[in-house]
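So this one's upload34.cif, mmCIF, C-alpha atoms:
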data_work
#
loop_
_atom_site.label_atom_id
_atom_site.label_comp_id
_atom_site.auth_asym_id
_atom_site.auth_seq_id
_atom_site.Cartn_x
_atom_site.Cartn_y
_atom_site.Cartn_z
CA MET A 282 76.13 71.33 106.64
CA GLN A 283 78.68 68.96 108.14
CA PRO A 284 82.32 69.63 107.18
CA PHE A 285 83.99 66.96 105.08
CA LEU A 286 86.99 66.87 107.46
CA SER A 287 86.52 67.17 111.22
CA PHE A 288 89.91 68.76 111.90
CA GLN A 289 90.20 70.93 108.78
CA GLN A 290 86.84 72.56 108.29
CA ASN A 291 88.02 74.88 105.49
CA PHE A 292 88.51 71.91 103.15
CA ARG A 293 86.08 72.21 100.26
CA ASP A 294 85.37 71.17 96.68
CA LEU A 295 85.37 73.80 93.93
CA GLY A 296 83.01 71.53 92.02
CA GLY A 297 79.65 73.00 91.05
CA ILE A 298 80.79 76.62 90.72
CA PRO A 299 79.21 77.96 87.51
CA ALA A 300 81.22 79.33 84.60
CA LYS A 301 79.90 82.13 82.42
CA ASP A 302 79.22 79.74 79.48
CA GLY A 303 76.70 77.75 81.55
CA ARG A 304 79.01 74.87 82.41
CA LYS A 305 80.13 74.12 85.97
CA VAL A 306 83.40 73.07 87.56
CA LYS A 307 83.52 69.27 87.72
CA PRO A 308 83.07 67.95 91.27
CA GLY A 309 85.64 65.79 93.01
CA LEU A 310 88.76 67.02 91.21
CA LEU A 311 89.84 70.39 92.66
CA PHE A 312 89.82 71.10 96.39
CA ARG A 313 91.04 74.01 98.52
CA SER A 314 91.95 73.74 102.19
CA GLY A 315 93.98 74.77 105.18
CA ASP A 316 96.89 72.60 106.29
CA PHE A 317 96.66 68.88 107.09
CA TYR A 318 98.67 68.98 110.33
CA SER A 319 95.79 68.19 112.70
CA LEU A 320 93.88 65.61 110.69
CA SER A 321 92.31 62.75 112.62
CA PRO A 322 92.65 59.13 111.47
CA ASP A 323 89.05 59.37 110.21
CA ASP A 324 89.93 62.48 108.21
CA ILE A 325 92.91 60.73 106.65
CA GLY A 326 90.70 57.77 105.84
CA ARG A 327 88.20 60.00 104.03
CA LEU A 328 90.95 61.56 101.90
CA GLU A 329 92.33 58.13 101.05
CA GLU A 330 88.85 56.89 100.14
CA MET A 331 88.53 59.72 97.62
CA ARG A 332 92.00 58.75 96.28
CA LEU A 333 93.54 62.18 96.84
CA ALA A 334 96.59 62.20 94.55
CA THR A 335 98.26 65.64 94.63
CA ILE A 336 98.91 68.25 97.32
CA ILE A 337 100.09 71.76 96.42
CA ASP A 338 101.35 73.47 99.57
CA PHE A 339 101.74 77.26 99.51
CA ARG A 340 103.26 77.55 102.99
CA ALA A 341 106.73 78.86 103.74
CA ILE A 342 109.38 76.28 104.66
CA ARG A 343 109.29 77.24 108.36
CA GLU A 344 105.52 76.64 108.40
CA ILE A 345 105.85 73.24 106.75
CA THR A 346 108.59 72.27 109.19
CA GLY A 347 106.59 73.44 112.21
CA ARG A 348 103.27 71.89 111.14
CA PRO A 349 103.93 69.12 108.62
CA ASP A 350 100.95 67.64 106.81
CA LYS A 351 99.85 64.19 107.92
CA THR A 352 100.73 61.36 105.54
CA ILE A 353 97.99 60.38 103.10
CA ARG A 354 98.92 57.13 101.44
CA THR A 355 97.13 57.76 98.14
CA VAL A 356 99.05 60.97 97.46
CA LYS A 357 101.52 60.64 94.57
CA GLU A 358 102.79 64.23 94.40
CA ILE A 359 103.48 66.86 97.06
CA ILE A 360 104.48 70.15 95.43
CA GLU A 361 105.72 73.05 97.52
CA ILE A 362 105.22 76.58 96.19
CA ASN A 363 106.66 78.54 99.10
CA ILE A 364 104.94 81.90 99.55
CA HIS A 365 106.17 83.87 102.56
CA ASP A 366 103.52 84.57 105.20
CA ALA A 367 104.64 88.05 106.19
CA ALA A 368 101.40 89.04 107.91
CA ARG A 369 101.57 86.49 110.69
CA GLU A 370 105.09 87.51 111.64
CA GLN A 371 103.91 91.08 112.25
CA SER A 372 100.59 90.18 113.87
CA GLN A 373 102.08 89.22 117.25
CA LYS A 374 103.59 92.69 117.60
CA PHE A 375 100.26 94.37 116.84
CA LEU A 376 98.43 92.01 119.19
CA SER A 377 100.78 92.75 122.09
CA GLU A 378 100.29 96.48 121.44
CA ASN A 379 96.48 96.05 121.17
CA ASN A 380 96.84 97.75 117.80
CA ALA A 381 93.54 97.02 116.03
CA PRO A 382 94.13 99.39 113.05
CA GLY A 383 97.52 97.77 112.45
CA LEU A 384 95.93 94.33 112.24
CA GLU A 385 93.12 95.60 110.02
CA ASN A 386 95.60 97.01 107.50
CA LEU A 387 98.05 94.14 107.69
CA LEU A 388 96.38 91.83 105.21
CA ILE A 389 95.56 94.60 102.77
CA GLY A 390 99.28 95.19 102.47
CA ASP A 391 99.98 91.46 102.31
CA TYR A 392 97.60 90.90 99.38
CA THR A 393 99.27 93.73 97.50
CA ARG A 394 102.68 92.18 98.25
CA MET A 395 101.59 88.77 96.97
CA ILE A 396 100.44 90.24 93.65
CA ARG A 397 103.65 92.22 93.33
CA ASN A 398 106.16 89.54 94.39
CA HIS A 399 104.63 86.13 93.70
CA GLN A 400 103.42 86.18 90.12
CA PRO A 401 105.87 83.37 89.14
CA ASP A 402 104.50 81.22 91.96
CA PHE A 403 100.89 81.61 90.87
CA LEU A 404 101.95 81.01 87.25
CA LYS A 405 103.55 77.74 88.37
CA PHE A 406 100.36 76.81 90.24
CA LEU A 407 98.14 77.27 87.18
CA ASP A 408 100.60 75.34 85.00
CA ILE A 409 100.55 72.40 87.43
CA ILE A 410 96.75 72.40 87.52
CA ALA A 411 96.59 72.38 83.72
CA ASN A 412 99.10 69.58 83.23
CA THR A 413 98.91 67.18 86.18
CA VAL A 414 97.54 63.70 85.62
CA ASN A 415 97.37 63.01 89.34
CA LEU A 416 93.85 63.90 90.42
CA PRO A 417 92.02 64.67 92.66
CA LEU A 418 94.15 67.60 93.80
CA VAL A 419 94.12 69.90 96.82
CA PHE A 420 95.91 73.23 97.20
CA HIS A 421 96.36 74.74 100.62
CA CYS A 422 98.30 77.12 102.84
CA ALA A 423 98.01 77.42 106.63
CA ALA A 424 94.42 78.55 107.13
CA GLY A 425 93.34 78.13 103.51
CA LYS A 426 92.18 81.71 103.10
CA ASP A 427 94.79 84.19 101.78
CA ARG A 428 97.41 82.46 99.63
CA THR A 429 94.91 79.71 98.87
CA GLY A 430 92.18 82.31 98.38
CA LEU A 431 94.15 84.18 95.73
CA ALA A 432 95.09 80.93 94.01
CA ALA A 433 91.40 80.01 93.84
CA VAL A 434 90.57 83.44 92.40
CA PHE A 435 93.11 82.96 89.60
CA LEU A 436 92.05 79.37 88.92
CA LEU A 437 88.35 80.15 88.81
CA SER A 438 88.98 83.13 86.55
CA ALA A 439 90.96 80.87 84.19
CA LEU A 440 88.01 78.46 84.22
CA GLY A 441 85.74 81.21 82.96
CA VAL A 442 83.94 81.94 86.23
CA GLU A 443 82.54 85.44 86.62
CA MET A 444 83.48 87.74 89.48
CA GLU A 445 80.38 87.23 91.62
CA PRO A 446 80.84 83.44 92.07
CA ILE A 447 84.57 84.01 92.55
CA ARG A 448 83.83 86.43 95.39
CA GLU A 449 81.29 84.03 96.87
CA ASP A 450 83.88 81.25 97.03
CA TYR A 451 86.46 83.64 98.51
CA MET A 452 84.12 84.91 101.23
CA ALA A 453 82.85 81.38 102.05
CA THR A 454 85.95 80.86 104.19
CA ASN A 455 84.29 82.93 106.93
CA LYS A 456 81.46 80.40 107.05
CA PHE A 457 83.61 77.27 106.88
CA ALA A 458 86.18 78.53 109.40
CA ALA A 459 83.75 80.25 111.81
CA ALA A 460 84.10 77.72 114.64
CA PHE A 461 87.90 77.74 114.37
CA ILE A 462 87.99 81.54 114.40
CA GLU A 463 85.92 81.73 117.58
CA LYS A 464 88.11 79.10 119.21
CA ILE A 465 91.27 81.12 118.51
CA ILE A 466 89.72 84.35 119.79
CA LYS A 467 88.64 82.64 123.01
CA LYS A 468 92.11 81.14 123.49
CA VAL A 469 93.73 84.58 123.14
CA ASN A 470 91.16 86.14 125.47
CA ASP A 471 91.88 83.44 128.04
CA SER A 472 95.58 84.34 127.87
CA GLY A 473 94.75 87.88 128.97
CA LEU A 474 95.01 89.58 125.57
CA ASN A 475 92.27 91.06 123.40
CA GLY A 476 91.45 88.25 121.02
CA ALA A 477 88.71 90.18 119.23
CA ILE A 478 91.20 92.44 117.47
CA LEU A 479 92.57 89.34 115.70
CA ARG A 480 89.31 88.87 113.79
CA PRO A 481 90.51 90.80 110.69
CA LEU A 482 93.55 88.51 110.55
CA LEU A 483 91.52 85.33 110.96
CA GLU A 484 88.77 86.19 108.50
CA VAL A 485 88.70 87.14 104.84
CA ARG A 486 87.39 90.57 103.93
CA ALA A 487 86.20 92.05 100.64
CA ALA A 488 88.78 94.79 101.16
CA TYR A 489 91.61 92.25 100.96
CA LEU A 490 90.51 90.89 97.62
CA ASP A 491 89.82 94.42 96.37
CA ALA A 492 93.40 95.40 97.28
CA ALA A 493 94.71 92.51 95.19
CA LEU A 494 92.47 93.40 92.26
CA GLU A 495 93.59 97.03 92.44
CA GLU A 496 97.25 95.98 92.41
CA ILE A 497 96.57 93.72 89.42
CA LEU A 498 95.58 96.82 87.43
CA ASN A 499 99.20 97.95 87.67
CA TYR A 500 100.12 94.95 85.51
CA SER A 501 97.10 94.38 83.30
CA VAL A 502 93.74 95.83 82.32
CA SER A 503 91.65 93.23 84.19
CA LEU A 504 91.78 90.07 86.27
CA ASP A 505 91.01 88.02 83.15
CA ALA A 506 93.87 89.63 81.22
CA PHE A 507 96.24 89.26 84.19
CA VAL A 508 95.52 85.53 84.41
CA THR A 509 96.00 85.12 80.65
CA ASP A 510 98.92 87.43 79.91
CA ILE A 511 100.88 87.55 83.18
CA LEU A 512 100.11 84.17 84.77
CA LYS A 513 100.06 82.48 81.33
CA ALA A 514 97.03 80.31 82.13
CA ASP A 515 96.14 77.83 79.39
CA LYS A 516 92.43 78.59 79.64
CA LYS A 517 91.40 76.25 76.83
CA LYS A 518 93.17 73.30 78.42
CA LEU A 519 91.94 74.10 81.92
CA GLN A 520 88.34 74.50 80.81
CA GLU A 521 88.36 71.30 78.74
CA LYS A 522 89.82 69.42 81.70
CA TYR A 523 87.80 70.81 84.61
CA LEU A 524 84.43 72.02 83.28
CA GLU A 525 81.50 69.68 82.76
CA ASN A 526 80.36 69.37 79.15
#
Structure rendered as C-alpha cells:
Amino acid sequence: MQPFLSFQQNFRDLGGIPAKDGRKVKPGLLFRSGDFYSLSPDDIGRLEEMRLATIIDFRAIREITGRPDKTIRTVKEIIEINIHDAAREQSQKFLSENNAPGLENLLIGDYTRMIRNHQPDFLKFLDIIANTVNLPLVFHCAAGKDRTGLAAVFLLSALGVEMEPIREDYMATNKFAAAFIEKIIKKVNDSGLNGAILRPLLEVRAAYLDAALEEILNYSVSLDAFVTDILKADKKKLQEKYLEN
C-alpha cells in the first residue's frame, strides 16, 4: 500500500473503522498524522486537493517553533493544543548512557502522565471535533503516535468503536512508520551510538496503551465512562456527524 503522503507516511484516514452498532466511520473527514514540517510540494498539493480545512496540533510550542508545519492554502483553522513531550527530552540522556531499560519504561510513564495531567486538553479536542464546521480535519503531534494515538483512542471510543479496532488503529503506526523508524535507527548507528535501543521510543507498544487504560481506572470505571464523564464527549453528536448511516 502506497502512503498518501510521501514525506509523512503516518498520515491516515480513520474512515472505515467499524463501530459496535454496525456503522463505520465516514471516510475523508477525520485524519491522524505526524507533523507537516517535511511535506513535499506534491504532498501539499494532495492535501489541498482534498480541501483540508482544519489542523489540530498537539505539539509543544518549542516543537512547533522548531519544525513548523508547511502552509496548506485550504486550511481555515489551525488549533494548537500544546501537550508537553516529556519523553523526548529524557531520551537523549538514556541514549548517551546506552540505557535500554530506561527508554523502554519512558513512554509507559509518559502515557500515565498524559492521562493524569492533560484531561482538559483531550476534552477540548473532542469538543472541537464535535462542533467544527471546517472539515476535513487532521490532528497530529510530532510522530503521530503517542499524543495523537491517545486522541484517536478517545475519539474512536466516543464514536462507539470497540476496543479491538481501537487497538488495531493504535498499533498500525508501527506499519505506517516502519521505514521512518529504520531510517532513524540507521542514522543513530552511523553516529556511533546504539540506535536499536531507540526502537521502544520510536514505536508504539501495547504496554503503552495499557498503562494509559490502567491510569484511566483511577478516574472512571472504564474507557467509555472516562470519555463520557471526564472528557465530556458529546457521543450522540459525534456519532451523528461522523458515522455512516
Please expand the PyMOL selection byres ((chain A and resi 305) around 9) into the concrete residues it hits in this file, giving the result as a ChimeraX atom specification. /A:296-304,306-308,442,523-526
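Distances to Ile447 in chain A were evaluated for A:Leu482, A:Leu490, A:Leu387, A:Ala459 using all atoms listed in the file, and the minimum falls at A:Leu490.
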Could you tell me, as a short mmCIF file (atom, residue, chain, number, x, y, z; two decimals) with C-alpha atoms, in the frame of the given file, exactly which residues end up selected when the PyMOL selection byres ((chain A and resi 314-331) around 10) is applied to this structure?
data_model
loop_
_atom_site.label_atom_id
_atom_site.label_comp_id
_atom_site.auth_asym_id
_atom_site.auth_seq_id
_atom_site.Cartn_x
_atom_site.Cartn_y
_atom_site.Cartn_z
CA PHE A 285 83.99 66.96 105.08
CA LEU A 286 86.99 66.87 107.46
CA SER A 287 86.52 67.17 111.22
CA PHE A 288 89.91 68.76 111.90
CA GLN A 289 90.20 70.93 108.78
CA GLN A 290 86.84 72.56 108.29
CA ASN A 291 88.02 74.88 105.49
CA PHE A 292 88.51 71.91 103.15
CA ARG A 293 86.08 72.21 100.26
CA ASP A 294 85.37 71.17 96.68
CA GLY A 309 85.64 65.79 93.01
CA LEU A 310 88.76 67.02 91.21
CA PHE A 312 89.82 71.10 96.39
CA ARG A 313 91.04 74.01 98.52
CA ARG A 332 92.00 58.75 96.28
CA LEU A 333 93.54 62.18 96.84
CA ALA A 334 96.59 62.20 94.55
CA ASP A 338 101.35 73.47 99.57
CA PHE A 339 101.74 77.26 99.51
CA ARG A 340 103.26 77.55 102.99
CA GLU A 344 105.52 76.64 108.40
CA ILE A 345 105.85 73.24 106.75
CA GLY A 347 106.59 73.44 112.21
CA ARG A 348 103.27 71.89 111.14
CA PRO A 349 103.93 69.12 108.62
CA ASP A 350 100.95 67.64 106.81
CA LYS A 351 99.85 64.19 107.92
CA THR A 352 100.73 61.36 105.54
CA ILE A 353 97.99 60.38 103.10
CA ARG A 354 98.92 57.13 101.44
CA THR A 355 97.13 57.76 98.14
CA VAL A 356 99.05 60.97 97.46
CA LEU A 416 93.85 63.90 90.42
CA PRO A 417 92.02 64.67 92.66
CA VAL A 419 94.12 69.90 96.82
CA PHE A 420 95.91 73.23 97.20
CA HIS A 421 96.36 74.74 100.62
CA CYS A 422 98.30 77.12 102.84
CA ALA A 423 98.01 77.42 106.63
CA ALA A 424 94.42 78.55 107.13
CA GLY A 425 93.34 78.13 103.51
CA LYS A 426 92.18 81.71 103.10
CA THR A 429 94.91 79.71 98.87
CA GLY A 430 92.18 82.31 98.38
CA THR A 454 85.95 80.86 104.19
CA ALA A 458 86.18 78.53 109.40
#
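Residues captured in this structure file are A:Leu295, A:Ile298, A:Gly430, A:Ala433, A:Val434, A:Glu445, A:Pro446, A:Ile447, A:Arg448, A:Glu449, A:Tyr451, A:Met452, A:Ala453, A:Thr454, according to the PyMOL selection byres ((chain A and resi 450) around 9).
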Hey, can you spit out that residue selection with C-alpha atoms as a PDB file, in the coordinates of the input?
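File written: out33.pdb
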ATOM      1  CA  LEU A 295      85.370  73.800  93.930  1.00  0.00           C
ATOM      2  CA  ILE A 298      80.790  76.620  90.720  1.00  0.00           C
ATOM      3  CA  GLY A 430      92.180  82.310  98.380  1.00  0.00           C
ATOM      4  CA  ALA A 433      91.400  80.010  93.840  1.00  0.00           C
ATOM      5  CA  VAL A 434      90.570  83.440  92.400  1.00  0.00           C
ATOM      6  CA  GLU A 445      80.380  87.230  91.620  1.00  0.00           C
ATOM      7  CA  PRO A 446      80.840  83.440  92.070  1.00  0.00           C
ATOM      8  CA  ILE A 447      84.570  84.010  92.550  1.00  0.00           C
ATOM      9  CA  ARG A 448      83.830  86.430  95.390  1.00  0.00           C
ATOM     10  CA  GLU A 449      81.290  84.030  96.870  1.00  0.00           C
ATOM     11  CA  TYR A 451      86.460  83.640  98.510  1.00  0.00           C
ATOM     12  CA  MET A 452      84.120  84.910 101.230  1.00  0.00           C
ATOM     13  CA  ALA A 453      82.850  81.380 102.050  1.00  0.00           C
ATOM     14  CA  THR A 454      85.950  80.860 104.190  1.00  0.00           C
TER      15      THR A 454
END
Which residues, written as a ChimeraX atom specification, have at least one atom at most 7 Å from range 509-520 of chain A, with only C-alpha atoms counted and residues fewer than 3 positions away on the same chain left out? /A:400,403-404,407-408,411,439-440,505-506,523-524
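Of note, CA of Glu484 in chain A and CA of Ser501 in chain A are spaced 27.8 Å apart.
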Can you work out which one of A:Phe406, A:Tyr489, A:Phe375, A:Phe435 has the shortest atom-to-atom distance to Asp391 in chain A, counting all atoms listed in the file?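 Ranked by minimum distance to Asp391 in chain A, first place goes to A:Tyr489.
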Atom pair CA of Tyr500 in chain A / CA of Ala367 in chain A: separation (Å): 22.3 Å
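For the pair CA of Leu376 in chain A and CA of Glu496 in chain A, the separation is 27.1 Å.
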Give me the residues near Ser472 in chain A as an MDAnalysis selection string, where near means some atom within 12 Å (using only C-alpha atoms) and where sequence neighbours in that chain fewer than 6 positions away do not count. chainID A and resid 376:377 465:466
Using C-alpha atoms, give me range 333-388 of chain A from the structure I just pasted, as a PDB file, in the first residue's frame.
ATOM      1  CA  LEU A 333      -8.104  20.004   4.150  1.00  0.00           C
ATOM      2  CA  ALA A 334      -9.721  22.654   6.353  1.00  0.00           C
ATOM      3  CA  THR A 335      -8.597  22.194   9.985  1.00  0.00           C
ATOM      4  CA  ILE A 336      -5.333  21.221  11.680  1.00  0.00           C
ATOM      5  CA  ILE A 337      -5.226  20.357  15.389  1.00  0.00           C
ATOM      6  CA  ASP A 338      -1.602  20.361  16.545  1.00  0.00           C
ATOM      7  CA  PHE A 339      -0.780  18.641  19.841  1.00  0.00           C
ATOM      8  CA  ARG A 340       2.901  19.619  19.879  1.00  0.00           C
ATOM      9  CA  ALA A 341       4.552  21.794  22.494  1.00  0.00           C
ATOM     10  CA  ILE A 342       5.376  25.373  21.480  1.00  0.00           C
ATOM     11  CA  ARG A 343       9.110  24.627  21.174  1.00  0.00           C
ATOM     12  CA  GLU A 344       8.318  21.775  18.757  1.00  0.00           C
ATOM     13  CA  ILE A 345       6.072  23.954  16.622  1.00  0.00           C
ATOM     14  CA  THR A 346       8.715  26.678  16.542  1.00  0.00           C
ATOM     15  CA  GLY A 347      11.480  24.240  15.629  1.00  0.00           C
ATOM     16  CA  ARG A 348       9.510  22.327  12.985  1.00  0.00           C
ATOM     17  CA  PRO A 349       6.616  24.486  11.765  1.00  0.00           C
ATOM     18  CA  ASP A 350       4.011  22.851   9.558  1.00  0.00           C
ATOM     19  CA  LYS A 351       4.129  23.741   5.879  1.00  0.00           C
ATOM     20  CA  THR A 352       1.412  26.114   4.692  1.00  0.00           C
ATOM     21  CA  ILE A 353      -1.653  24.440   3.179  1.00  0.00           C
ATOM     22  CA  ARG A 354      -3.766  27.048   1.470  1.00  0.00           C
ATOM     23  CA  THR A 355      -7.136  25.352   2.005  1.00  0.00           C
ATOM     24  CA  VAL A 356      -6.735  25.264   5.788  1.00  0.00           C
ATOM     25  CA  LYS A 357      -9.117  27.636   7.583  1.00  0.00           C
ATOM     26  CA  GLU A 358      -8.272  26.778  11.197  1.00  0.00           C
ATOM     27  CA  ILE A 359      -5.037  25.829  12.944  1.00  0.00           C
ATOM     28  CA  ILE A 360      -5.701  24.968  16.587  1.00  0.00           C
ATOM     29  CA  GLU A 361      -2.847  24.349  18.999  1.00  0.00           C
ATOM     30  CA  ILE A 362      -3.454  22.087  21.988  1.00  0.00           C
ATOM     31  CA  ASN A 363       0.024  22.115  23.498  1.00  0.00           C
ATOM     32  CA  ILE A 364       0.853  18.832  25.238  1.00  0.00           C
ATOM     33  CA  HIS A 365       4.386  18.674  26.617  1.00  0.00           C
ATOM     34  CA  ASP A 366       6.573  15.953  25.098  1.00  0.00           C
ATOM     35  CA  ALA A 367       8.481  14.979  28.229  1.00  0.00           C
ATOM     36  CA  ALA A 368       9.740  11.641  26.906  1.00  0.00           C
ATOM     37  CA  ARG A 369      11.885  13.045  24.129  1.00  0.00           C
ATOM     38  CA  GLU A 370      13.671  15.411  26.486  1.00  0.00           C
ATOM     39  CA  GLN A 371      14.803  12.462  28.616  1.00  0.00           C
ATOM     40  CA  SER A 372      15.543  10.093  25.745  1.00  0.00           C
ATOM     41  CA  GLN A 373      18.852  11.720  24.771  1.00  0.00           C
ATOM     42  CA  LYS A 374      20.215  11.096  28.265  1.00  0.00           C
ATOM     43  CA  PHE A 375      19.226   7.425  28.157  1.00  0.00           C
ATOM     44  CA  LEU A 376      20.632   7.054  24.639  1.00  0.00           C
ATOM     45  CA  SER A 377      24.003   8.507  25.623  1.00  0.00           C
ATOM     46  CA  GLU A 378      24.088   6.106  28.600  1.00  0.00           C
ATOM     47  CA  ASN A 379      23.034   3.154  26.386  1.00  0.00           C
ATOM     48  CA  ASN A 380      20.228   2.680  28.902  1.00  0.00           C
ATOM     49  CA  ALA A 381      17.762   0.375  27.132  1.00  0.00           C
ATOM     50  CA  PRO A 382      15.521  -0.279  30.193  1.00  0.00           C
ATOM     51  CA  GLY A 383      15.235   3.471  30.768  1.00  0.00           C
ATOM     52  CA  LEU A 384      13.993   4.004  27.216  1.00  0.00           C
ATOM     53  CA  GLU A 385      11.616   1.051  27.448  1.00  0.00           C
ATOM     54  CA  ASN A 386       9.960   2.483  30.561  1.00  0.00           C
ATOM     55  CA  LEU A 387       9.994   6.086  29.419  1.00  0.00           C
ATOM     56  CA  LEU A 388       6.808   6.037  27.385  1.00  0.00           C
TER      57      LEU A 388
END
